[in-house]
Amino acid sequence: MESVVAQNRQYWEALAPHRPGESVEFFRSGGTALNEDELAAVGDVRGRRVLQLACSVGDEALSFARLGADVVAVDLAPTHLATGRAKAEALGLAVDFREQDMMALDPELTGFDLIFISWGGICWVPDVNRWAADLAARLAAGGKLVISEHHPIWEVLTVTAPMRVNGDYFTPARVGTADPLKAPQITREFKTPITSRSFVWSIGAVVTAVLEAGLTLGSLQEFPAPEMYADLGEEAGHLPATYLITALRSVDRPEARLT
Ligand SMILES: C[S@@+](CC[C@H](N)C(=O)[O-])C[C@H]1O[C@@H](n2cnc3c(N)ncnc32)[C@H](O)[C@@H]1O
């Protein structure tokens with residue numbers, strides 16, 4: 001498994017200098033990297049402990065901090081984290097950016113009111129059951145896991161006409177991407193010879209992992225996003241493009257143990 005992580009760290013480090021994310025000015029003028037559905041799902045985060053996984057350049061972590069949350073944000077790529085730290089400093093926001101594999105988090109990272117992952121984060125999880133069980137143990141009683149992600153159907157279809165199947169909905173592991181439009185946007189301008197190793201988790205696999213981790217499913221929403229299926233015209237709005245899951249750790253659940 002270390003080789004998957006090591007390869008993906010190299011891949012993201014090659015891309016990271018070319019991915020600045022939102023500008024400091026964007027945040028100064030009141031911008032947020034969280035969409036309305038995400039804001040509704042996370043609720044009021046003021047004074048709450050938030051852990052963001054695969055935080056990249058920290059735009060969502062900074063958005064949580066702007067809302068008054070106490071944020072720890074982890075990512076594999078040190079250059080992404082350096083970009084996030086520079087923005088936090090310029091904005092006078094305190095975010096604890098840490099270089100961590102989200103499958104091997106520091107033992108002291110526990111007691112979170114919210115654990116959040118979004119948009120191209122869960123595809124780097126090699127074992128969704130182990131991942132969900134570990135996160136459940138890191139939530140405070142009453143805490144919430146929010147997964148806001150690319151839909152696996154979008155992941156396995158080409159996004160340009162003619163429609164083709166370019167992945168297997170039922171077999172998670174993949175090397176690189178058959179559809180270049182699924183790779184990070186920057187790879188279209190800046191080509192890296194390093195291949196990523198990612199995973200497509202079906203909705204059933206994610207929900208089952210969350211339930212087996214002992215969490216209670218709060219909601220499961222699926223959304224269209226026609227712009228994510230270039231060239232498909234109006235029918236693009238008939239396909240799911242993203243999903244959002246909330247899952248809760250019940251208040252009266254006995255203390256779960258980190259494995
Ligand atoms: C598409 S970006 C994340 C998206 C983020 N929500 C955003 O919109 O910027 C994917 C990130 O996952 C990180 N990553 C990949 N594997 C990881 C792992 N095992 N642990 C932590 N971060 C990881 C990469 O370094 C990269 O920054």
# chains A, B, ... in the order shown; residues from 1 in each chain; ligands from 1
$ residues_around --residues "segment 27-37 of chain A" --least-positions-apart "4" --cutoff "7 Å" --atoms "only C-alpha atoms" --output "ChimeraX atom specification"
/A:23,41,59-60,63
$ closest_atom_pairs --of "chain A" --to "ligand 1" --cutoff "6 Å" --atoms "only C-alpha atoms and all ligand atoms" --output "Markdown table"
| residue | atom | partner | partner_atom_place_in_ligand_line | distance |
| --- | --- | --- | --- | --- |
| A:Val5 | CA | ligand 1 | 19 (N) | 5.6 |
| A:Asn8 | CA | ligand 1 | 16 (N) | 6.0 |
| A:Trp12 | CA | ligand 1 | 25 (O) | 5.0 |
| A:Ala54 | CA | ligand 1 | 22 (N) | 3.7 |
| A:Cys55 | CA | ligand 1 | 5 (C) | 5.2 |
| A:Ser56 | CA | ligand 1 | 27 (O) | 3.3 |
| A:Val74 | CA | ligand 1 | 21 (C) | 6.0 |
| A:Asp75 | CA | ligand 1 | 22 (N) | 3.7 |
| A:Leu76 | CA | ligand 1 | 22 (N) | 4.3 |
| A:Ala77 | CA | ligand 1 | 25 (O) | 4.5 |
| A:Gln100 | CA | ligand 1 | 21 (C) | 5.8 |
| A:Asp101 | CA | ligand 1 | 20 (N) | 3.6 |
| A:Met102 | CA | ligand 1 | 20 (N) | 3.9 |
| A:Met103 | CA | ligand 1 | 19 (N) | 6.0 |
| A:Ser118 | CA | ligand 1 | 6 (N) | 4.3 |
| A:Trp119 | CA | ligand 1 | 6 (N) | 4.7 |
| A:Gly120 | CA | ligand 1 | 1 (C) | 4.2 |
| A:Gly121 | CA | ligand 1 | 3 (C) | 5.0 |
| A:Trp124 | CA | ligand 1 | 16 (N) | 4.6 |
$ write_last_selection --atoms "N, CA and C atoms" --output "PDB file, in the first residue's frame"
ATOM      1  N   VAL A   5       0.671   4.979  -2.146  1.00  0.00           N
ATOM      2  CA  VAL A   5       0.752   6.320  -1.558  1.00  0.00           C
ATOM      3  C   VAL A   5       1.988   7.055  -2.088  1.00  0.00           C
ATOM      4  N   ASN A   8       1.391   8.192  -5.617  1.00  0.00           N
ATOM      5  CA  ASN A   8       0.441   9.309  -5.688  1.00  0.00           C
ATOM      6  C   ASN A   8       1.042  10.598  -5.120  1.00  0.00           C
ATOM      7  N   TRP A  12       1.158  13.976  -7.261  1.00  0.00           N
ATOM      8  CA  TRP A  12       0.588  15.259  -6.823  1.00  0.00           C
ATOM      9  C   TRP A  12       1.661  16.317  -6.628  1.00  0.00           C
ATOM     10  N   ALA A  54      -7.385  15.149   2.459  1.00  0.00           N
ATOM     11  CA  ALA A  54      -6.995  15.446   1.071  1.00  0.00           C
ATOM     12  C   ALA A  54      -7.331  16.894   0.734  1.00  0.00           C
ATOM     13  N   CYS A  55      -6.790  17.799   1.543  1.00  0.00           N
ATOM     14  CA  CYS A  55      -7.224  19.211   1.506  1.00  0.00           C
ATOM     15  C   CYS A  55      -6.623  19.990   0.352  1.00  0.00           C
ATOM     16  N   SER A  56      -5.629  19.414  -0.346  1.00  0.00           N
ATOM     17  CA  SER A  56      -4.996  20.103  -1.464  1.00  0.00           C
ATOM     18  C   SER A  56      -4.442  21.461  -0.996  1.00  0.00           C
ATOM     19  N   VAL A  74      -5.300  17.852   6.222  1.00  0.00           N
ATOM     20  CA  VAL A  74      -4.187  16.970   5.862  1.00  0.00           C
ATOM     21  C   VAL A  74      -4.159  16.698   4.364  1.00  0.00           C
ATOM     22  N   ASP A  75      -2.939  16.517   3.869  1.00  0.00           N
ATOM     23  CA  ASP A  75      -2.735  16.170   2.457  1.00  0.00           C
ATOM     24  C   ASP A  75      -1.377  15.497   2.330  1.00  0.00           C
ATOM     25  N   LEU A  76      -1.212  14.769   1.235  1.00  0.00           N
ATOM     26  CA  LEU A  76       0.059  14.079   0.969  1.00  0.00           C
ATOM     27  C   LEU A  76       1.125  15.006   0.418  1.00  0.00           C
ATOM     28  N   ALA A  77       0.707  16.053  -0.307  1.00  0.00           N
ATOM     29  CA  ALA A  77       1.660  16.830  -1.108  1.00  0.00           C
ATOM     30  C   ALA A  77       2.139  18.068  -0.348  1.00  0.00           C
ATOM     31  N   GLN A 100       0.125  14.326   5.814  1.00  0.00           N
ATOM     32  CA  GLN A 100      -0.306  13.027   6.337  1.00  0.00           C
ATOM     33  C   GLN A 100      -0.984  12.221   5.237  1.00  0.00           C
ATOM     34  N   ASP A 101      -0.776  10.912   5.294  1.00  0.00           N
ATOM     35  CA  ASP A 101      -1.567   9.983   4.489  1.00  0.00           C
ATOM     36  C   ASP A 101      -2.895   9.799   5.238  1.00  0.00           C
ATOM     37  N   MET A 102      -4.007  10.022   4.568  1.00  0.00           N
ATOM     38  CA  MET A 102      -5.297   9.940   5.284  1.00  0.00           C
ATOM     39  C   MET A 102      -5.634   8.512   5.716  1.00  0.00           C
ATOM     40  N   MET A 103      -4.846   7.520   5.275  1.00  0.00           N
ATOM     41  CA  MET A 103      -5.046   6.151   5.745  1.00  0.00           C
ATOM     42  C   MET A 103      -4.187   5.863   6.966  1.00  0.00           C
ATOM     43  N   SER A 118     -13.848  16.058  -0.036  1.00  0.00           N
ATOM     44  CA  SER A 118     -14.644  16.455  -1.200  1.00  0.00           C
ATOM     45  C   SER A 118     -13.874  16.329  -2.504  1.00  0.00           C
ATOM     46  N   TRP A 119     -14.650  16.296  -3.579  1.00  0.00           N
ATOM     47  CA  TRP A 119     -14.234  16.518  -4.970  1.00  0.00           C
ATOM     48  C   TRP A 119     -12.857  15.961  -5.337  1.00  0.00           C
ATOM     49  N   GLY A 120     -12.831  14.667  -5.557  1.00  0.00           N
ATOM     50  CA  GLY A 120     -11.563  14.066  -5.961  1.00  0.00           C
ATOM     51  C   GLY A 120     -10.699  13.721  -4.771  1.00  0.00           C
ATOM     52  N   GLY A 121     -11.318  13.433  -3.638  1.00  0.00           N
ATOM     53  CA  GLY A 121     -10.586  13.022  -2.434  1.00  0.00           C
ATOM     54  C   GLY A 121     -10.716  11.532  -2.188  1.00  0.00           C
ATOM     55  N   TRP A 124      -8.659   8.497  -3.736  1.00  0.00           N
ATOM     56  CA  TRP A 124      -7.286   8.151  -3.322  1.00  0.00           C
ATOM     57  C   TRP A 124      -7.292   7.199  -2.132  1.00  0.00           C
TER      58      TRP A 124
END
$ residues_around --residues "Gly92 of chain A" --least-positions-apart "6" --cutoff "12 Å" --atoms "only C-alpha atoms" --output "list in words"
Val24, Phe27, Arg28, Leu62, Ala65, Arg66, Arg85 and Ala86 of chain A
$ write_last_selection --atoms "N, CA, C and O atoms" --output "PDB file, in the first residue's frame"
ATOM      1  N   VAL A  24      -5.980  34.732  -2.609  1.00  0.00           N
ATOM      2  CA  VAL A  24      -6.210  35.372  -1.304  1.00  0.00           C
ATOM      3  C   VAL A  24      -7.310  36.418  -1.456  1.00  0.00           C
ATOM      4  O   VAL A  24      -8.185  36.556  -0.597  1.00  0.00           O
ATOM      5  N   PHE A  27     -10.835  35.114  -1.110  1.00  0.00           N
ATOM      6  CA  PHE A  27     -11.305  34.940   0.271  1.00  0.00           C
ATOM      7  C   PHE A  27     -11.534  36.290   0.940  1.00  0.00           C
ATOM      8  O   PHE A  27     -12.502  36.464   1.683  1.00  0.00           O
ATOM      9  N   ARG A  28     -10.646  37.264   0.664  1.00  0.00           N
ATOM     10  CA  ARG A  28     -10.800  38.600   1.277  1.00  0.00           C
ATOM     11  C   ARG A  28     -12.133  39.217   0.878  1.00  0.00           C
ATOM     12  O   ARG A  28     -12.754  39.934   1.647  1.00  0.00           O
ATOM     13  N   LEU A  62      -9.695  26.674   4.539  1.00  0.00           N
ATOM     14  CA  LEU A  62      -9.721  28.115   4.827  1.00  0.00           C
ATOM     15  C   LEU A  62     -11.163  28.613   4.928  1.00  0.00           C
ATOM     16  O   LEU A  62     -11.476  29.464   5.763  1.00  0.00           O
ATOM     17  N   ALA A  65     -12.342  27.720   8.291  1.00  0.00           N
ATOM     18  CA  ALA A  65     -11.726  28.608   9.290  1.00  0.00           C
ATOM     19  C   ALA A  65     -12.405  29.978   9.274  1.00  0.00           C
ATOM     20  O   ALA A  65     -12.638  30.577  10.331  1.00  0.00           O
ATOM     21  N   ARG A  66     -12.746  30.454   8.089  1.00  0.00           N
ATOM     22  CA  ARG A  66     -13.449  31.745   7.981  1.00  0.00           C
ATOM     23  C   ARG A  66     -14.801  31.718   8.682  1.00  0.00           C
ATOM     24  O   ARG A  66     -15.313  32.735   9.131  1.00  0.00           O
ATOM     25  N   ARG A  85      -0.712  27.087   3.589  1.00  0.00           N
ATOM     26  CA  ARG A  85      -0.173  27.838   4.736  1.00  0.00           C
ATOM     27  C   ARG A  85       0.057  29.308   4.364  1.00  0.00           C
ATOM     28  O   ARG A  85      -0.232  30.199   5.158  1.00  0.00           O
ATOM     29  N   ALA A  86       0.559  29.533   3.149  1.00  0.00           N
ATOM     30  CA  ALA A  86       0.825  30.921   2.725  1.00  0.00           C
ATOM     31  C   ALA A  86      -0.486  31.706   2.648  1.00  0.00           C
ATOM     32  O   ALA A  86      -0.562  32.863   3.068  1.00  0.00           O
TER      33      ALA A  86
END
$ select_by_dssp --residues "segment 114-208 of chain A" --states "alpha helix (DSSP H)" --output "PyMOL selection string"
chain A and resi 128-138+152-156+203-208
$ residues_around --residues "Glu212 of chain A" --least-positions-apart "5" --cutoff "10 Å" --atoms "only C-alpha atoms" --output "ChimeraX atom specification"
/A:129-130,132-133,136,206-207
$ atom_distance --atom1 "atom CA of Gly237 of chain A" --atom2 "atom CA of Thr158 of chain A"
14.8 Å
$ residues_around --residues "Cys123 of chain A" --least-positions-apart "3" --cutoff "6 Å" --atoms "only C-alpha atoms" --output "compact mmCIF listing (two decimals) with N, CA and C atoms, in the first residue's frame"
# COMPACT_ATOMS: atom_id res chain seq x y z
N GLY A 120 -12.83 14.67 -5.56
CA GLY A 120 -11.56 14.07 -5.96
C GLY A 120 -10.70 13.72 -4.77
N SER A 198 -5.61 5.38 -8.51
CA SER A 198 -6.80 5.81 -7.77
C SER A 198 -7.86 4.71 -7.79
N PHE A 199 -9.01 5.02 -7.16
CA PHE A 199 -10.03 4.00 -6.91
C PHE A 199 -11.41 4.63 -7.13
N VAL A 200 -12.28 3.88 -7.80
CA VAL A 200 -13.67 4.34 -7.96
C VAL A 200 -14.52 3.56 -6.97
$ closest_residue --among "A:Lys87, A:Arg174, A:Lys144, A:His18" --to "Leu248 of chain A" --atoms "only C-alpha atoms"
A:Lys144
$ atom_distance --atom1 "atom CA of Ala82 of chain A" --atom2 "atom CA of Pro20 of chain A"
10.4 Å
$ atom_distance --atom1 "atom CA of Asp179 of chain A" --atom2 "atom CA of Asn166 of chain A"
6.8 Å
$ closest_residue --among "A:Gly176, A:Gly204, A:Gly233, A:Gly111" --to "Met163 of chain A" --atoms "only C-alpha atoms"
A:Gly233
$ select_by_dssp --residues "segment 69-197 of chain A" --states "strand (DSSP E)" --output "number ranges by chain"
A: 70-75, 95-99, 112-118, 139-150, 173-175, 197
$ closest_residue --among "A:Gly58, A:Glu155, A:Asp127, A:Gly21" --to "Glu89 of chain A" --atoms "only C-alpha atoms"
A:Gly58
$ closest_residue --among "A:Ala161, A:Ala213, A:Leu15, A:Ala6" --to "Arg249 of chain A" --atoms "only C-alpha atoms"
A:Ala213
$ decode --residues "segment 141-170 of chain A" --atoms "N, CA, C and O atoms" --output "PDB file, in the first residue's frame"
ATOM      1  N   ALA A 141     -18.412  12.072  19.897  1.00  0.00           N
ATOM      2  CA  ALA A 141     -19.812  11.633  19.990  1.00  0.00           C
ATOM      3  C   ALA A 141     -20.685  12.751  19.422  1.00  0.00           C
ATOM      4  O   ALA A 141     -20.487  13.930  19.741  1.00  0.00           O
ATOM      5  N   GLY A 142     -21.604  12.394  18.545  1.00  0.00           N
ATOM      6  CA  GLY A 142     -22.445  13.407  17.890  1.00  0.00           C
ATOM      7  C   GLY A 142     -21.785  14.034  16.673  1.00  0.00           C
ATOM      8  O   GLY A 142     -22.379  14.887  16.011  1.00  0.00           O
ATOM      9  N   GLY A 143     -20.541  13.617  16.378  1.00  0.00           N
ATOM     10  CA  GLY A 143     -19.821  14.202  15.241  1.00  0.00           C
ATOM     11  C   GLY A 143     -20.328  13.678  13.898  1.00  0.00           C
ATOM     12  O   GLY A 143     -21.049  12.674  13.833  1.00  0.00           O
ATOM     13  N   LYS A 144     -19.913  14.363  12.830  1.00  0.00           N
ATOM     14  CA  LYS A 144     -20.485  14.082  11.506  1.00  0.00           C
ATOM     15  C   LYS A 144     -19.382  13.889  10.464  1.00  0.00           C
ATOM     16  O   LYS A 144     -18.405  14.647  10.439  1.00  0.00           O
ATOM     17  N   LEU A 145     -19.566  12.882   9.624  1.00  0.00           N
ATOM     18  CA  LEU A 145     -18.697  12.687   8.461  1.00  0.00           C
ATOM     19  C   LEU A 145     -19.457  13.203   7.238  1.00  0.00           C
ATOM     20  O   LEU A 145     -20.616  12.820   7.031  1.00  0.00           O
ATOM     21  N   VAL A 146     -18.837  14.086   6.455  1.00  0.00           N
ATOM     22  CA  VAL A 146     -19.478  14.588   5.234  1.00  0.00           C
ATOM     23  C   VAL A 146     -18.571  14.267   4.045  1.00  0.00           C
ATOM     24  O   VAL A 146     -17.401  14.654   4.019  1.00  0.00           O
ATOM     25  N   ILE A 147     -19.146  13.540   3.104  1.00  0.00           N
ATOM     26  CA  ILE A 147     -18.432  13.148   1.880  1.00  0.00           C
ATOM     27  C   ILE A 147     -19.153  13.826   0.713  1.00  0.00           C
ATOM     28  O   ILE A 147     -20.330  13.550   0.464  1.00  0.00           O
ATOM     29  N   SER A 148     -18.467  14.733   0.028  1.00  0.00           N
ATOM     30  CA  SER A 148     -19.077  15.463  -1.091  1.00  0.00           C
ATOM     31  C   SER A 148     -18.206  15.196  -2.311  1.00  0.00           C
ATOM     32  O   SER A 148     -17.122  15.761  -2.426  1.00  0.00           O
ATOM     33  N   GLU A 149     -18.686  14.343  -3.188  1.00  0.00           N
ATOM     34  CA  GLU A 149     -17.751  13.772  -4.159  1.00  0.00           C
ATOM     35  C   GLU A 149     -18.279  13.666  -5.583  1.00  0.00           C
ATOM     36  O   GLU A 149     -19.473  13.739  -5.828  1.00  0.00           O
ATOM     37  N   HIS A 150     -17.320  13.442  -6.487  1.00  0.00           N
ATOM     38  CA  HIS A 150     -17.663  13.053  -7.857  1.00  0.00           C
ATOM     39  C   HIS A 150     -18.456  11.753  -7.785  1.00  0.00           C
ATOM     40  O   HIS A 150     -18.088  10.834  -7.048  1.00  0.00           O
ATOM     41  N   HIS A 151     -19.490  11.656  -8.586  1.00  0.00           N
ATOM     42  CA  HIS A 151     -20.303  10.442  -8.604  1.00  0.00           C
ATOM     43  C   HIS A 151     -19.544   9.327  -9.332  1.00  0.00           C
ATOM     44  O   HIS A 151     -18.917   9.577 -10.365  1.00  0.00           O
ATOM     45  N   PRO A 152     -19.592   8.087  -8.804  1.00  0.00           N
ATOM     46  CA  PRO A 152     -18.868   7.000  -9.490  1.00  0.00           C
ATOM     47  C   PRO A 152     -19.372   6.737 -10.911  1.00  0.00           C
ATOM     48  O   PRO A 152     -18.612   6.255 -11.760  1.00  0.00           O
ATOM     49  N   ILE A 153     -20.640   7.057 -11.191  1.00  0.00           N
ATOM     50  CA  ILE A 153     -21.133   6.911 -12.568  1.00  0.00           C
ATOM     51  C   ILE A 153     -20.384   7.885 -13.488  1.00  0.00           C
ATOM     52  O   ILE A 153     -19.964   7.533 -14.593  1.00  0.00           O
ATOM     53  N   TRP A 154     -20.180   9.109 -13.018  1.00  0.00           N
ATOM     54  CA  TRP A 154     -19.389  10.088 -13.790  1.00  0.00           C
ATOM     55  C   TRP A 154     -17.968   9.557 -13.983  1.00  0.00           C
ATOM     56  O   TRP A 154     -17.381   9.683 -15.050  1.00  0.00           O
ATOM     57  N   GLU A 155     -17.446   8.932 -12.939  1.00  0.00           N
ATOM     58  CA  GLU A 155     -16.066   8.428 -13.015  1.00  0.00           C
ATOM     59  C   GLU A 155     -15.901   7.369 -14.107  1.00  0.00           C
ATOM     60  O   GLU A 155     -14.852   7.298 -14.725  1.00  0.00           O
ATOM     61  N   VAL A 156     -16.926   6.533 -14.329  1.00  0.00           N
ATOM     62  CA  VAL A 156     -16.739   5.413 -15.271  1.00  0.00           C
ATOM     63  C   VAL A 156     -17.317   5.665 -16.664  1.00  0.00           C
ATOM     64  O   VAL A 156     -17.289   4.773 -17.507  1.00  0.00           O
ATOM     65  N   LEU A 157     -17.837   6.860 -16.913  1.00  0.00           N
ATOM     66  CA  LEU A 157     -18.301   7.193 -18.254  1.00  0.00           C
ATOM     67  C   LEU A 157     -17.378   8.241 -18.855  1.00  0.00           C
ATOM     68  O   LEU A 157     -16.845   9.089 -18.141  1.00  0.00           O
ATOM     69  N   THR A 158     -17.205   8.194 -20.176  1.00  0.00           N
ATOM     70  CA  THR A 158     -16.491   9.304 -20.809  1.00  0.00           C
ATOM     71  C   THR A 158     -17.400  10.524 -20.713  1.00  0.00           C
ATOM     72  O   THR A 158     -18.625  10.395 -20.737  1.00  0.00           O
ATOM     73  N   VAL A 159     -16.806  11.695 -20.597  1.00  0.00           N
ATOM     74  CA  VAL A 159     -17.645  12.879 -20.427  1.00  0.00           C
ATOM     75  C   VAL A 159     -17.902  13.598 -21.748  1.00  0.00           C
ATOM     76  O   VAL A 159     -18.580  14.609 -21.787  1.00  0.00           O
ATOM     77  N   THR A 160     -17.344  13.064 -22.836  1.00  0.00           N
ATOM     78  CA  THR A 160     -17.643  13.646 -24.144  1.00  0.00           C
ATOM     79  C   THR A 160     -18.401  12.602 -24.969  1.00  0.00           C
ATOM     80  O   THR A 160     -18.270  11.402 -24.734  1.00  0.00           O
ATOM     81  N   ALA A 161     -19.186  13.083 -25.946  1.00  0.00           N
ATOM     82  CA  ALA A 161     -19.879  12.157 -26.835  1.00  0.00           C
ATOM     83  C   ALA A 161     -18.852  11.547 -27.793  1.00  0.00           C
ATOM     84  O   ALA A 161     -17.868  12.208 -28.135  1.00  0.00           O
ATOM     85  N   PRO A 162     -18.989  10.320 -28.294  1.00  0.00           N
ATOM     86  CA  PRO A 162     -20.045   9.401 -27.908  1.00  0.00           C
ATOM     87  C   PRO A 162     -19.786   8.802 -26.521  1.00  0.00           C
ATOM     88  O   PRO A 162     -18.645   8.596 -26.133  1.00  0.00           O
ATOM     89  N   MET A 163     -20.897   8.556 -25.817  1.00  0.00           N
ATOM     90  CA  MET A 163     -20.791   8.004 -24.477  1.00  0.00           C
ATOM     91  C   MET A 163     -20.185   6.599 -24.513  1.00  0.00           C
ATOM     92  O   MET A 163     -20.569   5.772 -25.326  1.00  0.00           O
ATOM     93  N   ARG A 164     -19.208   6.380 -23.684  1.00  0.00           N
ATOM     94  CA  ARG A 164     -18.606   5.043 -23.571  1.00  0.00           C
ATOM     95  C   ARG A 164     -18.378   4.751 -22.097  1.00  0.00           C
ATOM     96  O   ARG A 164     -18.370   5.666 -21.270  1.00  0.00           O
ATOM     97  N   VAL A 165     -18.170   3.512 -21.791  1.00  0.00           N
ATOM     98  CA  VAL A 165     -17.814   3.144 -20.421  1.00  0.00           C
ATOM     99  C   VAL A 165     -16.294   3.050 -20.373  1.00  0.00           C
ATOM    100  O   VAL A 165     -15.696   2.316 -21.158  1.00  0.00           O
ATOM    101  N   ASN A 166     -15.655   3.821 -19.499  1.00  0.00           N
ATOM    102  CA  ASN A 166     -14.187   3.801 -19.468  1.00  0.00           C
ATOM    103  C   ASN A 166     -13.618   3.285 -18.152  1.00  0.00           C
ATOM    104  O   ASN A 166     -12.433   3.426 -17.881  1.00  0.00           O
ATOM    105  N   GLY A 167     -14.485   2.695 -17.350  1.00  0.00           N
ATOM    106  CA  GLY A 167     -14.016   2.125 -16.089  1.00  0.00           C
ATOM    107  C   GLY A 167     -15.033   1.109 -15.624  1.00  0.00           C
ATOM    108  O   GLY A 167     -16.083   0.949 -16.247  1.00  0.00           O
ATOM    109  N   ASP A 168     -14.718   0.407 -14.539  1.00  0.00           N
ATOM    110  CA  ASP A 168     -15.622  -0.626 -14.037  1.00  0.00           C
ATOM    111  C   ASP A 168     -16.227  -0.153 -12.718  1.00  0.00           C
ATOM    112  O   ASP A 168     -15.506   0.021 -11.728  1.00  0.00           O
ATOM    113  N   TYR A 169     -17.536   0.057 -12.710  1.00  0.00           N
ATOM    114  CA  TYR A 169     -18.235   0.550 -11.514  1.00  0.00           C
ATOM    115  C   TYR A 169     -17.999  -0.373 -10.321  1.00  0.00           C
ATOM    116  O   TYR A 169     -18.004   0.065  -9.187  1.00  0.00           O
ATOM    117  N   PHE A 170     -17.779  -1.657 -10.583  1.00  0.00           N
ATOM    118  CA  PHE A 170     -17.704  -2.648  -9.502  1.00  0.00           C
ATOM    119  C   PHE A 170     -16.277  -3.058  -9.135  1.00  0.00           C
ATOM    120  O   PHE A 170     -16.088  -3.885  -8.259  1.00  0.00           O
TER     121      PHE A 170
END
